[in-house]
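my_file.cif (mmCIF, C-alpha atoms and all ligand atoms) appears below.
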data_target
#
loop_
_atom_site.label_atom_id
_atom_site.label_comp_id
_atom_site.auth_asym_id
_atom_site.auth_seq_id
_atom_site.Cartn_x
_atom_site.Cartn_y
_atom_site.Cartn_z
CA MET A 1 242.80 -21.27 -69.92
CA ASN A 2 244.65 -21.11 -73.23
CA MET A 3 243.37 -23.41 -75.92
CA SER A 4 244.71 -23.38 -79.46
CA GLY A 5 246.22 -19.92 -79.04
CA ILE A 6 243.04 -18.24 -77.77
CA SER A 7 242.77 -17.39 -74.10
CA VAL A 8 239.39 -18.72 -72.94
CA PRO A 9 237.80 -18.02 -69.54
CA ALA A 10 237.13 -21.04 -67.28
CA LEU A 11 236.22 -23.60 -69.89
CA GLN A 12 234.82 -26.75 -68.24
CA ARG A 13 234.54 -30.24 -69.78
CA ASN A 14 231.78 -32.87 -69.57
CA ILE A 15 229.36 -30.85 -67.50
CA PRO A 16 225.97 -32.51 -66.78
CA LEU A 17 223.30 -30.20 -68.18
CA ALA A 18 220.47 -31.57 -66.03
CA ALA A 19 221.79 -29.49 -63.14
CA HIS A 20 221.44 -26.34 -65.27
CA THR A 21 217.75 -26.78 -66.06
CA THR A 22 214.69 -26.57 -63.82
CA LEU A 23 213.28 -29.87 -65.21
CA LYS A 24 216.59 -31.61 -64.35
CA ILE A 25 216.98 -33.49 -67.62
CA GLY A 26 219.91 -33.79 -70.02
CA GLY A 27 223.30 -35.43 -70.51
CA ALA A 28 226.68 -33.71 -70.44
CA ALA A 29 227.95 -30.82 -72.56
CA ASP A 30 231.37 -31.42 -74.12
CA TYR A 31 232.33 -27.87 -73.13
CA PHE A 32 230.64 -25.46 -70.73
CA ALA A 33 231.46 -21.88 -69.71
CA GLU A 34 229.94 -19.05 -67.70
CA PRO A 35 231.36 -15.76 -69.00
CA SER A 36 230.94 -12.83 -66.67
CA ASN A 37 231.41 -10.08 -69.24
CA GLU A 38 231.38 -9.28 -72.95
CA GLU A 39 235.11 -9.73 -73.46
CA GLN A 40 234.98 -13.29 -72.08
CA LEU A 41 231.91 -14.07 -74.17
CA GLN A 42 233.65 -12.82 -77.34
CA LYS A 43 236.71 -14.96 -76.55
CA LEU A 44 234.59 -18.06 -76.08
CA LEU A 45 232.80 -17.47 -79.38
CA ALA A 46 236.12 -16.95 -81.18
CA TRP A 47 237.51 -20.17 -79.69
CA ALA A 48 234.40 -22.18 -80.62
CA LYS A 49 234.57 -20.81 -84.16
CA GLN A 50 238.21 -21.77 -84.44
CA GLU A 51 237.44 -25.28 -83.14
CA ARG A 52 234.37 -25.50 -85.42
CA LEU A 53 232.15 -26.19 -82.41
CA SER A 54 228.45 -25.38 -82.21
CA CYS A 55 227.41 -23.06 -79.40
CA PHE A 56 224.23 -23.08 -77.36
CA ILE A 57 223.27 -20.05 -75.26
CA LEU A 58 221.70 -20.97 -71.92
CA GLY A 59 219.80 -18.67 -69.55
CA ASN A 60 218.41 -20.19 -66.37
CA GLY A 61 217.30 -23.34 -68.23
CA SER A 62 213.69 -22.86 -67.12
CA ASN A 63 212.19 -23.52 -70.54
CA LEU A 64 214.53 -26.22 -71.81
CA VAL A 65 215.04 -29.95 -72.13
CA PHE A 66 218.52 -31.05 -73.16
CA ASP A 67 218.97 -34.34 -74.96
CA ASP A 68 219.84 -37.39 -72.84
CA ALA A 69 223.05 -37.62 -74.89
CA GLY A 70 224.00 -34.08 -73.85
CA TYR A 71 225.41 -31.48 -76.23
CA ARG A 72 228.29 -31.94 -78.65
CA GLY A 73 229.74 -28.44 -78.55
CA LEU A 74 230.00 -25.49 -76.20
CA VAL A 75 227.16 -24.47 -73.89
CA ILE A 76 227.53 -20.86 -72.76
CA SER A 77 225.57 -20.08 -69.61
CA MET A 78 224.57 -16.42 -69.27
CA ARG A 79 223.66 -16.70 -65.59
CA CYS A 80 226.85 -14.98 -64.40
CA PHE A 81 226.94 -12.52 -67.29
CA GLU A 82 226.99 -9.03 -65.73
CA ASN A 83 224.24 -10.40 -63.54
CA ASP A 84 224.00 -7.39 -61.27
CA LEU A 85 224.00 -4.77 -64.00
CA ILE A 86 220.86 -2.64 -63.95
CA LYS A 87 220.90 1.06 -64.78
CA VAL A 88 218.00 3.41 -64.28
CA ASP A 89 217.07 6.77 -65.80
CA LEU A 90 214.28 7.80 -63.44
CA ASP A 91 213.32 10.97 -65.38
CA ALA A 92 212.77 8.95 -68.54
CA CYS A 93 211.32 5.91 -66.67
CA ARG A 94 213.87 3.74 -68.46
CA VAL A 95 215.74 0.73 -67.11
CA THR A 96 218.67 -0.87 -68.90
CA VAL A 97 219.34 -4.40 -67.73
CA SER A 98 221.89 -7.06 -68.63
CA ALA A 99 220.77 -10.38 -70.14
CA GLY A 100 222.15 -12.33 -67.18
CA VAL A 101 220.02 -10.59 -64.55
CA SER A 102 217.26 -12.76 -63.12
CA LEU A 103 213.71 -11.56 -63.66
CA SER A 104 213.08 -11.57 -59.90
CA ARG A 105 216.03 -9.22 -59.36
CA LEU A 106 214.84 -6.92 -62.17
CA VAL A 107 211.34 -6.75 -60.66
CA ARG A 108 212.75 -6.03 -57.19
CA PHE A 109 214.89 -3.23 -58.59
CA CYS A 110 211.95 -1.66 -60.44
CA HIS A 111 209.76 -1.89 -57.33
CA GLU A 112 212.43 -0.16 -55.23
CA SER A 113 212.74 2.54 -57.92
CA GLY A 114 208.96 3.14 -57.99
CA LEU A 115 208.74 2.02 -61.62
CA ALA A 116 205.82 -0.16 -62.68
CA GLY A 117 205.40 -2.53 -65.62
CA THR A 118 207.53 -5.56 -64.75
CA GLU A 119 205.38 -6.97 -61.90
CA PHE A 120 204.04 -9.85 -64.00
CA LEU A 121 207.60 -11.17 -64.42
CA ALA A 122 208.19 -11.54 -60.68
CA HIS A 123 207.65 -15.29 -60.40
CA ILE A 124 208.99 -16.42 -63.77
CA PRO A 125 212.30 -18.18 -62.96
CA GLY A 126 214.25 -16.97 -66.01
CA THR A 127 216.93 -14.49 -66.96
CA VAL A 128 216.24 -11.29 -68.88
CA GLY A 129 217.90 -12.81 -72.00
CA GLY A 130 215.77 -15.95 -71.91
CA ALA A 131 212.63 -13.90 -71.27
CA LEU A 132 213.30 -11.71 -74.32
CA ILE A 133 213.90 -14.69 -76.60
CA MET A 134 210.70 -16.35 -75.34
CA ASN A 135 208.72 -13.10 -74.98
CA ALA A 136 207.83 -14.32 -71.50
CA GLY A 137 204.51 -13.22 -70.12
CA PHE A 138 201.84 -13.81 -67.55
CA SER A 139 198.24 -12.65 -67.22
CA ARG A 140 195.72 -13.17 -64.44
CA HIS A 141 192.77 -12.99 -66.85
CA ALA A 142 192.10 -13.09 -70.58
CA GLY A 143 191.84 -9.28 -70.91
CA GLN A 144 195.46 -8.79 -69.77
CA GLN A 145 198.17 -9.30 -72.39
CA ASN A 146 201.34 -8.88 -70.37
CA ALA A 147 204.56 -9.85 -72.14
CA ILE A 148 208.08 -8.50 -71.75
CA GLY A 149 208.23 -7.55 -75.43
CA ASP A 150 205.67 -4.79 -74.83
CA LEU A 151 208.11 -3.04 -72.49
CA VAL A 152 211.21 -3.20 -74.68
CA GLU A 153 212.57 -0.05 -76.26
CA GLU A 154 215.93 -1.34 -77.45
CA VAL A 155 218.02 -4.52 -77.38
CA ARG A 156 221.80 -4.69 -77.58
CA ALA A 157 223.00 -8.05 -78.84
CA LEU A 158 225.85 -9.95 -80.40
CA ALA A 159 225.48 -11.47 -83.84
CA LYS A 160 226.87 -15.03 -84.01
CA GLU A 161 229.89 -13.77 -86.02
CA GLY A 162 230.74 -11.38 -83.19
CA ALA A 163 229.40 -7.97 -84.29
CA ILE A 164 227.46 -5.84 -81.79
CA VAL A 165 223.99 -4.97 -83.05
CA HIS A 166 221.27 -2.68 -81.75
CA ARG A 167 217.62 -3.41 -82.43
CA GLY A 168 215.24 -0.49 -81.87
CA ARG A 169 211.54 -0.76 -81.14
CA SER A 170 210.55 -0.64 -84.84
CA GLU A 171 212.87 -3.57 -85.71
CA LEU A 172 211.73 -5.77 -82.85
CA LYS A 173 208.92 -8.23 -83.42
CA PHE A 174 207.37 -9.96 -80.46
CA SER A 175 204.42 -12.31 -80.57
CA TYR A 176 203.04 -14.96 -78.21
CA ARG A 177 206.13 -16.69 -76.71
CA HIS A 178 208.22 -15.66 -79.71
CA SER A 179 210.63 -12.89 -80.73
CA ASN A 180 212.72 -12.15 -83.79
CA LEU A 181 215.91 -12.18 -81.65
CA GLY A 182 216.48 -15.92 -82.09
CA ASP A 183 219.69 -15.59 -84.15
CA LEU A 184 221.33 -13.19 -81.73
CA ILE A 185 222.95 -13.39 -78.32
CA VAL A 186 221.09 -10.89 -76.18
CA LEU A 187 223.45 -8.73 -74.08
CA GLU A 188 221.11 -6.13 -72.62
CA ALA A 189 217.74 -4.51 -73.03
CA THR A 190 216.27 -1.10 -72.30
CA LEU A 191 212.72 -1.18 -70.94
CA ARG A 192 210.29 1.73 -70.89
CA LEU A 193 208.26 1.68 -67.65
CA TRP A 194 205.99 4.09 -65.82
CA ARG A 195 205.78 5.62 -62.36
CA ARG A 196 203.54 4.16 -59.70
CA SER A 197 203.61 4.12 -55.92
CA LYS A 198 205.64 1.31 -54.35
CA GLU A 199 202.49 0.26 -52.52
CA GLN A 200 200.52 -0.17 -55.76
CA ILE A 201 203.40 -2.11 -57.32
CA ARG A 202 203.57 -4.37 -54.28
CA LYS A 203 199.81 -5.03 -54.45
CA GLU A 204 200.04 -5.97 -58.13
CA MET A 205 202.90 -8.39 -57.37
CA GLU A 206 200.93 -9.93 -54.53
CA ALA A 207 197.85 -10.40 -56.73
CA ASN A 208 200.02 -12.20 -59.29
CA LEU A 209 201.60 -14.40 -56.63
CA ASP A 210 198.21 -15.23 -55.17
CA HIS A 211 196.88 -16.23 -58.62
CA ARG A 212 199.95 -18.36 -59.35
CA THR A 213 199.96 -20.06 -55.95
CA LYS A 214 196.32 -21.10 -56.37
CA ARG A 215 196.73 -22.48 -59.88
CA GLN A 216 200.38 -23.38 -60.41
CA ASN A 217 201.68 -24.51 -57.07
CA VAL A 218 203.84 -27.25 -58.59
CA ARG A 219 206.70 -28.29 -56.33
CA GLU A 220 208.42 -31.02 -58.34
CA PRO A 221 211.02 -30.12 -61.01
CA ASN A 222 209.26 -28.64 -64.06
CA ALA A 223 209.74 -26.19 -66.93
CA GLY A 224 206.51 -24.20 -66.65
CA SER A 225 203.91 -24.56 -69.37
CA VAL A 226 204.77 -27.33 -71.81
CA PHE A 227 202.37 -26.21 -74.55
CA LYS A 228 201.40 -22.80 -75.90
CA ASN A 229 197.75 -21.93 -75.50
CA PRO A 230 195.87 -22.27 -78.78
CA PRO A 231 194.46 -18.94 -80.04
CA PRO A 232 191.02 -17.82 -78.78
CA PRO A 233 188.23 -18.89 -78.78
CA HIS A 234 189.86 -22.26 -77.99
CA PRO A 235 190.23 -23.18 -74.31
CA SER A 236 193.70 -23.05 -72.77
CA ALA A 237 196.12 -25.94 -73.35
CA GLY A 238 195.77 -26.86 -69.66
CA SER A 239 191.98 -27.16 -69.78
CA LEU A 240 192.10 -29.19 -73.01
CA ILE A 241 194.57 -31.61 -71.41
CA GLU A 242 192.54 -31.79 -68.19
CA LYS A 243 189.26 -32.39 -70.06
CA ALA A 244 190.93 -35.18 -72.02
CA GLY A 245 191.57 -36.91 -68.69
CA LEU A 246 195.35 -36.78 -69.05
CA LYS A 247 196.23 -35.25 -65.66
CA GLY A 248 198.59 -37.61 -63.87
CA LYS A 249 199.51 -39.54 -67.05
CA ARG A 250 203.08 -40.79 -66.75
CA ILE A 251 205.69 -42.09 -69.17
CA GLY A 252 208.92 -43.26 -67.56
CA GLY A 253 209.99 -40.57 -65.10
CA ILE A 254 207.86 -37.75 -66.53
CA GLN A 255 204.28 -37.06 -65.48
CA ILE A 256 201.55 -34.55 -66.31
CA SER A 257 201.20 -32.63 -63.06
CA GLU A 258 198.19 -33.38 -60.88
CA GLN A 259 198.08 -29.66 -59.94
CA HIS A 260 198.35 -28.08 -63.40
CA ALA A 261 197.64 -30.04 -66.58
CA ASN A 262 199.99 -27.93 -68.72
CA TYR A 263 203.01 -28.70 -66.51
CA PHE A 264 205.10 -31.87 -66.78
CA VAL A 265 206.94 -32.88 -63.61
CA ASN A 266 210.06 -34.97 -63.24
CA LYS A 267 209.20 -37.76 -60.81
CA GLY A 268 212.85 -38.86 -60.76
CA GLY A 269 215.05 -40.16 -63.54
CA ALA A 270 212.99 -38.66 -66.38
CA THR A 271 214.72 -38.59 -69.77
CA SER A 272 214.33 -36.31 -72.78
CA ALA A 273 212.94 -39.34 -74.62
CA ASP A 274 210.20 -39.62 -71.94
CA VAL A 275 209.34 -35.93 -72.41
CA ILE A 276 209.16 -36.20 -76.21
CA HIS A 277 207.04 -39.34 -75.93
CA LEU A 278 204.59 -37.68 -73.50
CA ILE A 279 204.39 -34.52 -75.66
CA GLU A 280 203.49 -36.69 -78.68
CA GLU A 281 200.89 -38.63 -76.67
CA VAL A 282 199.21 -35.39 -75.54
CA GLN A 283 199.30 -33.94 -79.06
CA LYS A 284 197.75 -37.09 -80.52
CA THR A 285 194.97 -37.20 -77.90
CA ILE A 286 194.06 -33.50 -78.22
CA LEU A 287 194.14 -33.60 -82.02
CA HIS A 288 191.83 -36.58 -81.97
CA ALA A 289 189.46 -35.11 -79.36
CA ASN A 290 189.44 -31.44 -80.40
CA GLY A 291 191.03 -31.15 -83.83
CA ILE A 292 193.75 -28.87 -82.36
CA THR A 293 197.50 -29.46 -82.66
CA LEU A 294 199.12 -28.21 -79.45
CA GLU A 295 202.45 -26.51 -80.10
CA PRO A 296 205.20 -27.01 -77.50
CA GLU A 297 206.34 -23.92 -75.61
CA ILE A 298 209.31 -25.70 -74.03
CA ARG A 299 212.37 -26.11 -76.22
CA ILE A 300 214.01 -29.47 -76.78
CA VAL A 301 217.73 -29.04 -77.48
CA PRO A 302 219.10 -31.82 -79.69
CA GLU A 303 222.50 -33.39 -79.11
CA ASN A 304 223.57 -31.40 -82.19
C1 LIG B 1 207.84 -22.73 -62.45
C2 LIG B 1 207.92 -22.06 -63.79
C3 LIG B 1 207.01 -21.06 -64.11
C4 LIG B 1 207.06 -20.43 -65.36
N1 LIG B 1 206.16 -19.44 -65.63
C5 LIG B 1 206.21 -18.81 -66.82
C6 LIG B 1 205.27 -17.77 -67.13
O1 LIG B 1 204.40 -17.41 -66.32
N2 LIG B 1 205.37 -17.17 -68.33
C7 LIG B 1 206.32 -17.51 -69.24
O2 LIG B 1 206.36 -16.91 -70.32
N3 LIG B 1 207.21 -18.50 -68.97
C8 LIG B 1 207.18 -19.15 -67.80
N4 LIG B 1 208.09 -20.15 -67.53
C9 LIG B 1 209.07 -20.55 -68.56
C10 LIG B 1 210.43 -19.83 -68.48
O3 LIG B 1 210.71 -19.45 -67.15
C11 LIG B 1 210.48 -18.62 -69.40
O4 LIG B 1 210.35 -18.99 -70.75
C12 LIG B 1 211.81 -17.84 -69.24
O5 LIG B 1 211.70 -16.63 -69.93
C13 LIG B 1 213.02 -18.61 -69.76
O6 LIG B 1 214.19 -17.92 -69.35
P1 LIG B 1 215.57 -18.69 -69.10
O7 LIG B 1 216.60 -17.67 -68.76
O8 LIG B 1 215.39 -19.79 -68.16
O9 LIG B 1 215.83 -19.23 -70.58
P2 LIG B 1 216.33 -20.70 -70.99
O10 LIG B 1 215.27 -21.69 -70.65
O11 LIG B 1 217.69 -20.95 -70.50
O12 LIG B 1 216.38 -20.53 -72.58
C14 LIG B 1 215.20 -20.29 -73.33
C15 LIG B 1 215.62 -19.89 -74.75
O13 LIG B 1 216.28 -18.62 -74.70
C16 LIG B 1 217.61 -18.71 -75.26
N5 LIG B 1 218.44 -17.75 -74.51
C17 LIG B 1 218.57 -17.63 -73.15
N6 LIG B 1 219.34 -16.55 -72.86
C18 LIG B 1 219.72 -16.02 -74.04
C19 LIG B 1 220.52 -14.89 -74.41
N7 LIG B 1 221.09 -14.07 -73.51
N8 LIG B 1 220.71 -14.64 -75.73
C20 LIG B 1 220.14 -15.44 -76.67
N9 LIG B 1 219.39 -16.52 -76.39
C21 LIG B 1 219.18 -16.79 -75.09
C22 LIG B 1 218.00 -20.17 -75.13
O14 LIG B 1 218.96 -20.53 -76.11
C23 LIG B 1 216.66 -20.87 -75.37
O15 LIG B 1 216.39 -20.95 -76.75
C24 LIG B 1 208.06 -20.79 -66.29
C25 LIG B 1 208.98 -21.80 -65.97
C26 LIG B 1 208.91 -22.43 -64.72
C27 LIG B 1 209.92 -23.49 -64.38
#
Take the structure from the file and write it as structure tokens.
Ligand SMILES: Cc1cc2nc3c(=O)[nH]c(=O)nc-3n(C[C@H](O)[C@H](O)[C@H](O)COP(=O)(O)OP(=O)(O)OC[C@H]3O[C@@H](n4cnc5c(N)ncnc54)[C@H](O)[C@@H]3O)c2cc1C
Amino acid sequence: MNMSGISVPALQRNIPLAAHTTLKIGGAADYFAEPSNEEQLQKLLAWAKQERLSCFILGNGSNLVFDDAGYRGLVISMRCFENDLIKVDLDACRVTVSAGVSLSRLVRFCHESGLAGTEFLAHIPGTVGGALIMNAGFSRHAGQQNAIGDLVEEVRALAKEGAIVHRGRSELKFSYRHSNLGDLIVLEATLRLWRRSKEQIRKEMEANLDHRTKRQNVREPNAGSVFKNPPPPHPSAGSLIEKAGLKGKRIGGIQISEQHANYFVNKGGATSADVIHLIEEVQKTILHANGITLEPEIRIVPEN
């Protein structure tokens, strides 16, 4: 497609964003594109700049709620972005993976290569890019502190004005569900892993799956944990919500899951306004009962 003199790959108009998130909420994006490589991504950014449009970078939409009014600008989905590109240096135990690769594919690749470290990411339904921005993690018990940031050696990214930047280990800052990559478009990351037998890796993945199935077997559309856990020694967000008797509470189409108190599920027709309303209700109740302000982990994307 050629718009205003810039050739832009497959630009789509008025695309409903609900279909691009796991919680299935959100109106339409004015413009939507799924670049499959860096050149296409650069062209899209140049076009949006020329048209003075805001851009939103979307991974697998597993941690997001778009506004009911949609997004006034260009949503760039990274799901097709070099989404099979994984390179391995077995001697150095290093894996370089594109931002568009799904975490499940990355974990499978590492397992097949006999490289351990990524097993805890196996059942997180995000892309590598989204996981780096969120510093995605999962632990079976309090002693484990597994987060993707701990594995990262280098990130290659695009600054919003189009320059390629490299961030080495010493420049990267990861904390609980947060990274200092927020102003960049992540293109790829190099992870430092370690050798382990395929059998041991498989056992670790199975233990994670078993733990998740017992505690988080939520089948309705959701976006994972809604709130971050408050720092120790406070109980987890889920147990605070459960103890407050809020499991099953519903506003409009959104409900606190009966299975897992830190998950909200879309019972059908939920809106972003419902989600915001329920978040505020939970925050108010927990502040009143425990003196703790729960901070949302999911991201609400305004219309712009
Ligand atoms: C069933 C379920 C279970 C979950 N379990 C976990 C869990 O155990 N642990 C955990 O941490 N999370 C969990 N999550 C939440 C979610 O999967 C993670 O946060 C995941 O890392 C988000 O990745 P994504 O690709 O879907 O990102 P999105 O939700 O699409 O985006 C998240 C943020 O990253 C930005 N982003 C995405 N890609 C890029 C990129 N290439 N460059 C720059 N910015 C980008 C977006 O703009 C947005 O700000 C779960 C979610 C679900 C639905």
Original post:
What does the distance between atom CA of A:Val75 and atom O8 of ligand LIG 1 (chain B) come to in Å, to one decimal place?
Top reply: 13.9 Å
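Take atom CA of A:Trp47 and atom O13 of ligand LIG 1 (chain B): the distance between them is 21.9 Å.
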**OP:** May I ask you to write as a VMD selection string all residues lying at most 7 Å from ligand LIG 1 (chain B), with only C-alpha atoms and all ligand atoms counted?
**Re:** chain A and resid 22 56 to 64 78 99 to 100 123 to 138 177 182 184 to 187 222 to 225 299
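Each of A:His20, A:Arg215, A:Arg202, A:Lys247 was checked against A:Thr118 using only C-alpha atoms; the smallest atom-to-atom distance is that of A:Arg202.
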Original post:
atom CA of A:Glu295 to atom CA of A:Pro231: how many Å, to one decimal?
Top reply: 11.0 Å
Subject >> Neighbours of point (195.1, -25.5, -72.7) within 8 Å, using only C-alpha atoms, written as a list in words >> reply: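 The answer, in the requested form, is Phe227, Lys228, Asn229, Pro230, Pro235, Ser236, Ala237, Gly238, Ser239, Leu240, Ile241 and Asn262 of chain A.
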Under the rule of at most 12 Å, produce a per-residue listing of stretch 24-68 of chain A near stretch 164-176 of chain A: chain, number, name, the closest pair of atoms, and the distance in Å, as JSON lines, using all atoms listed in the file.
{"residue": "A:Glu38", "atom": "CA", "partner": "A:Ile164", "partner_atom": "CA", "distance": 10.3}
{"residue": "A:Glu39", "atom": "CA", "partner": "A:Ile164", "partner_atom": "CA", "distance": 12.0}
{"residue": "A:Gln42", "atom": "CA", "partner": "A:Ile164", "partner_atom": "CA", "distance": 10.3}
Original post:
Which of these residues is nearest to A:Glu206, using all atoms listed in the file: A:Arg105, A:Arg140, A:Lys284, A:Lys249?
Top reply: A:Arg140
**OP:** Please provide the set of residues having any atom within 12 Å of A:Thr190, restricted to only C-alpha atoms, with same-chain residues fewer than 3 positions apart removed, written as an MDAnalysis selection string.
**Re:** chainID A and resid 85:89 92:99 106 128:129 132 148:157 166:169 186:187 193
Could you dump the residues just selected with C-alpha atoms as a PDB file, in the coordinates of the input?
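Final output, result-v1.pdb:
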ATOM      1  CA  LEU A  85     224.000  -4.770 -64.000  1.00  0.00           C
ATOM      2  CA  ILE A  86     220.860  -2.640 -63.950  1.00  0.00           C
ATOM      3  CA  LYS A  87     220.900   1.060 -64.780  1.00  0.00           C
ATOM      4  CA  VAL A  88     218.000   3.410 -64.280  1.00  0.00           C
ATOM      5  CA  ASP A  89     217.070   6.770 -65.800  1.00  0.00           C
ATOM      6  CA  ALA A  92     212.770   8.950 -68.540  1.00  0.00           C
ATOM      7  CA  CYS A  93     211.320   5.910 -66.670  1.00  0.00           C
ATOM      8  CA  ARG A  94     213.870   3.740 -68.460  1.00  0.00           C
ATOM      9  CA  VAL A  95     215.740   0.730 -67.110  1.00  0.00           C
ATOM     10  CA  THR A  96     218.670  -0.870 -68.900  1.00  0.00           C
ATOM     11  CA  VAL A  97     219.340  -4.400 -67.730  1.00  0.00           C
ATOM     12  CA  SER A  98     221.890  -7.060 -68.630  1.00  0.00           C
ATOM     13  CA  ALA A  99     220.770 -10.380 -70.140  1.00  0.00           C
ATOM     14  CA  LEU A 106     214.840  -6.920 -62.170  1.00  0.00           C
ATOM     15  CA  VAL A 128     216.240 -11.290 -68.880  1.00  0.00           C
ATOM     16  CA  GLY A 129     217.900 -12.810 -72.000  1.00  0.00           C
ATOM     17  CA  LEU A 132     213.300 -11.710 -74.320  1.00  0.00           C
ATOM     18  CA  ILE A 148     208.080  -8.500 -71.750  1.00  0.00           C
ATOM     19  CA  GLY A 149     208.230  -7.550 -75.430  1.00  0.00           C
ATOM     20  CA  ASP A 150     205.670  -4.790 -74.830  1.00  0.00           C
ATOM     21  CA  LEU A 151     208.110  -3.040 -72.490  1.00  0.00           C
ATOM     22  CA  VAL A 152     211.210  -3.200 -74.680  1.00  0.00           C
ATOM     23  CA  GLU A 153     212.570  -0.050 -76.260  1.00  0.00           C
ATOM     24  CA  GLU A 154     215.930  -1.340 -77.450  1.00  0.00           C
ATOM     25  CA  VAL A 155     218.020  -4.520 -77.380  1.00  0.00           C
ATOM     26  CA  ARG A 156     221.800  -4.690 -77.580  1.00  0.00           C
ATOM     27  CA  ALA A 157     223.000  -8.050 -78.840  1.00  0.00           C
ATOM     28  CA  HIS A 166     221.270  -2.680 -81.750  1.00  0.00           C
ATOM     29  CA  ARG A 167     217.620  -3.410 -82.430  1.00  0.00           C
ATOM     30  CA  GLY A 168     215.240  -0.490 -81.870  1.00  0.00           C
ATOM     31  CA  ARG A 169     211.540  -0.760 -81.140  1.00  0.00           C
ATOM     32  CA  VAL A 186     221.090 -10.890 -76.180  1.00  0.00           C
ATOM     33  CA  LEU A 187     223.450  -8.730 -74.080  1.00  0.00           C
ATOM     34  CA  LEU A 193     208.260   1.680 -67.650  1.00  0.00           C
TER      35      LEU A 193
END
Original post:
Contacts of A:Glu119 at 7 Å or less, counting only C-alpha atoms, minus same-chain residues fewer than 6 places along, as a ChimeraX atom specification?
Top reply: /A:107,201,204-205
Original post:
Near A:Asn304, counting all atoms listed in the file, which residues have an atom at most 9 Å away, once you skip same-chain residues fewer than 4 positions from it, shown as a PyMOL selection string?
Top reply: chain A and resi 54+70-73
**OP:** May I ask which of the residues A:Ile292, A:Leu287, A:Ile76, A:Ile256 is the closest one to A:Val218, counting only C-alpha atoms?
**Re:**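 With only C-alpha atoms as the atom set, the closest residue is A:Ile256.
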Using the atoms already present, construct N, CA and C atoms for stretch 247-261 of chain A and hand them back as a tab-separated table (two decimals), keeping the file's coordinate frame.
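Result file is part.tsv:
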chain	number	residue	atom	x	y	z
A	247	LYS	N	195.51	-35.64	-66.89
A	247	LYS	CA	196.23	-35.25	-65.66
A	247	LYS	C	196.77	-36.50	-64.98
A	248	GLY	N	198.02	-36.46	-64.58
A	248	GLY	CA	198.59	-37.61	-63.87
A	248	GLY	C	199.17	-38.67	-64.80
A	249	LYS	N	198.95	-38.53	-66.13
A	249	LYS	CA	199.51	-39.54	-67.05
A	249	LYS	C	201.04	-39.50	-66.96
A	250	ARG	N	201.62	-40.71	-66.95
A	250	ARG	CA	203.08	-40.79	-66.75
A	250	ARG	C	203.72	-41.69	-67.79
A	251	ILE	N	204.86	-41.23	-68.31
A	251	ILE	CA	205.69	-42.09	-69.17
A	251	ILE	C	207.10	-42.06	-68.59
A	252	GLY	N	207.59	-43.22	-68.20
A	252	GLY	CA	208.92	-43.26	-67.56
A	252	GLY	C	208.92	-42.37	-66.34
A	253	GLY	N	209.88	-41.45	-66.28
A	253	GLY	CA	209.99	-40.57	-65.10
A	253	GLY	C	209.23	-39.26	-65.23
A	254	ILE	N	208.53	-39.06	-66.36
A	254	ILE	CA	207.86	-37.75	-66.53
A	254	ILE	C	206.35	-37.92	-66.41
A	255	GLN	N	205.71	-36.94	-65.75
A	255	GLN	CA	204.28	-37.06	-65.48
A	255	GLN	C	203.59	-35.71	-65.72
A	256	ILE	N	202.37	-35.77	-66.23
A	256	ILE	CA	201.55	-34.55	-66.31
A	256	ILE	C	201.12	-34.22	-64.89
A	257	SER	N	201.43	-33.00	-64.47
A	257	SER	CA	201.20	-32.63	-63.06
A	257	SER	C	199.73	-32.81	-62.66
A	258	GLU	N	199.54	-33.26	-61.44
A	258	GLU	CA	198.19	-33.38	-60.88
A	258	GLU	C	197.63	-32.00	-60.55
A	259	GLN	N	198.53	-31.01	-60.31
A	259	GLN	CA	198.08	-29.66	-59.94
A	259	GLN	C	197.71	-28.83	-61.18
A	260	HIS	N	198.51	-28.96	-62.24
A	260	HIS	CA	198.35	-28.08	-63.40
A	260	HIS	C	198.61	-28.90	-64.65
A	261	ALA	N	197.55	-29.08	-65.46
A	261	ALA	CA	197.64	-30.04	-66.58
A	261	ALA	C	198.62	-29.62	-67.67
